Amino acid sequence: MDIDLIFRIAAIGILVSVLNSLLTKSGRDEQAMMTTLAGLVVVLLMVVKEIAKLFDTIKALFKF
């Protein structure tokens, strides 16, 4: 796991929070919530991909 992953997650978090703030102040609360959910899904997919790599590494280590 690289530090690059942490920076990407932080960048997505900052972008989503700015978009959420802008959309909420303009009265588009539903779109703000959907933007937040989309950001969460993107980050979760990134983390799941890294967890899959971890499990593959563990499998290769124990040769299952």
# chains A, B, ... in the order shown; residues from 1 in each chain; ligands from 1
>>> residues_around(residues="segment 39-42 of chain A", least_positions_apart="2", cutoff="8 Å", atoms="only C-alpha atoms", output="VMD selection string")
chain A and resid 12 to 13 16 35 to 37 44 to 46
>>> closest_residue(among="A:Ile51, A:Thr57, A:Phe62, A:Val43", to="Phe7 of chain A", atoms="only C-alpha atoms")
A:Val43
>>> atom_distance(atom1="atom CA of Ile14 of chain A", atom2="atom CA of Val48 of chain A")
20.5 Å
>>> atom_distance(atom1="atom CA of Asp4 of chain A", atom2="atom CA of Asp56 of chain A")
20.4 Å
>>> closest_residue(among="A:Glu50, A:Ile58, A:Ala32, A:Lys63", to="Ser17 of chain A", atoms="only C-alpha atoms")
A:Ala32
>>> atom_distance(atom1="atom CA of Ser21 of chain A", atom2="atom CA of Met34 of chain A")
12.6 Å
>>> decode(residues="segment 6-64 of chain A", atoms="C-alpha atoms", output="PDB file, in the first residue's frame")
ATOM      1  CA  ILE A   6      -3.971   7.900   1.043  1.00  0.00           C
ATOM      2  CA  PHE A   7      -3.461  11.075  -0.996  1.00  0.00           C
ATOM      3  CA  ARG A   8      -6.052   9.957  -3.557  1.00  0.00           C
ATOM      4  CA  ILE A   9      -8.590   9.222  -0.827  1.00  0.00           C
ATOM      5  CA  ALA A  10      -7.892  12.604   0.787  1.00  0.00           C
ATOM      6  CA  ALA A  11      -8.280  14.386  -2.566  1.00  0.00           C
ATOM      7  CA  ILE A  12     -11.607  12.676  -3.193  1.00  0.00           C
ATOM      8  CA  GLY A  13     -12.743  13.624   0.313  1.00  0.00           C
ATOM      9  CA  ILE A  14     -11.824  17.281  -0.194  1.00  0.00           C
ATOM     10  CA  LEU A  15     -13.505  17.386  -3.604  1.00  0.00           C
ATOM     11  CA  VAL A  16     -16.674  15.757  -2.301  1.00  0.00           C
ATOM     12  CA  SER A  17     -16.853  18.071   0.694  1.00  0.00           C
ATOM     13  CA  VAL A  18     -16.491  21.165  -1.498  1.00  0.00           C
ATOM     14  CA  LEU A  19     -19.147  19.913  -3.909  1.00  0.00           C
ATOM     15  CA  ASN A  20     -21.406  18.992  -1.024  1.00  0.00           C
ATOM     16  CA  SER A  21     -21.050  22.459   0.477  1.00  0.00           C
ATOM     17  CA  LEU A  22     -21.719  24.208  -2.835  1.00  0.00           C
ATOM     18  CA  LEU A  23     -24.737  22.084  -3.646  1.00  0.00           C
ATOM     19  CA  THR A  24     -26.209  22.426  -0.161  1.00  0.00           C
ATOM     20  CA  LYS A  25     -25.897  26.210  -0.207  1.00  0.00           C
ATOM     21  CA  SER A  26     -27.574  26.380  -3.604  1.00  0.00           C
ATOM     22  CA  GLY A  27     -30.547  24.394  -2.309  1.00  0.00           C
ATOM     23  CA  ARG A  28     -29.814  21.109  -4.069  1.00  0.00           C
ATOM     24  CA  ASP A  29     -29.707  18.858  -1.033  1.00  0.00           C
ATOM     25  CA  GLU A  30     -30.580  15.668  -2.935  1.00  0.00           C
ATOM     26  CA  GLN A  31     -27.737  16.156  -5.396  1.00  0.00           C
ATOM     27  CA  ALA A  32     -25.380  16.936  -2.512  1.00  0.00           C
ATOM     28  CA  MET A  33     -26.295  13.653  -0.864  1.00  0.00           C
ATOM     29  CA  MET A  34     -25.856  11.746  -4.129  1.00  0.00           C
ATOM     30  CA  THR A  35     -22.428  13.347  -4.608  1.00  0.00           C
ATOM     31  CA  THR A  36     -21.426  12.255  -1.123  1.00  0.00           C
ATOM     32  CA  LEU A  37     -22.633   8.718  -1.761  1.00  0.00           C
ATOM     33  CA  ALA A  38     -20.798   8.585  -5.095  1.00  0.00           C
ATOM     34  CA  GLY A  39     -17.571   9.690  -3.388  1.00  0.00           C
ATOM     35  CA  LEU A  40     -18.050   7.044  -0.715  1.00  0.00           C
ATOM     36  CA  VAL A  41     -18.582   4.332  -3.324  1.00  0.00           C
ATOM     37  CA  VAL A  42     -15.456   5.365  -5.238  1.00  0.00           C
ATOM     38  CA  VAL A  43     -13.327   5.271  -2.082  1.00  0.00           C
ATOM     39  CA  LEU A  44     -14.805   1.933  -1.002  1.00  0.00           C
ATOM     40  CA  LEU A  45     -14.011   0.431  -4.410  1.00  0.00           C
ATOM     41  CA  MET A  46     -10.430   1.636  -4.100  1.00  0.00           C
ATOM     42  CA  VAL A  47     -10.111   0.100  -0.637  1.00  0.00           C
ATOM     43  CA  VAL A  48     -11.726  -3.185  -1.701  1.00  0.00           C
ATOM     44  CA  LYS A  49      -9.233  -3.442  -4.556  1.00  0.00           C
ATOM     45  CA  GLU A  50      -6.366  -3.037  -2.093  1.00  0.00           C
ATOM     46  CA  ILE A  51      -7.875  -5.636   0.258  1.00  0.00           C
ATOM     47  CA  ALA A  52      -8.128  -8.062  -2.665  1.00  0.00           C
ATOM     48  CA  LYS A  53      -4.423  -7.510  -3.361  1.00  0.00           C
ATOM     49  CA  LEU A  54      -3.692  -8.202   0.308  1.00  0.00           C
ATOM     50  CA  PHE A  55      -5.589 -11.495   0.214  1.00  0.00           C
ATOM     51  CA  ASP A  56      -3.797 -12.503  -2.997  1.00  0.00           C
ATOM     52  CA  THR A  57      -0.477 -11.796  -1.319  1.00  0.00           C
ATOM     53  CA  ILE A  58      -1.462 -13.864   1.715  1.00  0.00           C
ATOM     54  CA  LYS A  59      -2.564 -16.727  -0.560  1.00  0.00           C
ATOM     55  CA  ALA A  60       0.748 -16.617  -2.391  1.00  0.00           C
ATOM     56  CA  LEU A  61       2.635 -16.519   0.887  1.00  0.00           C
ATOM     57  CA  PHE A  62       0.958 -19.636   2.249  1.00  0.00           C
ATOM     58  CA  LYS A  63       0.549 -21.235  -1.211  1.00  0.00           C
ATOM     59  CA  PHE A  64      -3.172 -21.998  -0.987  1.00  0.00           C
TER      60      PHE A  64
END
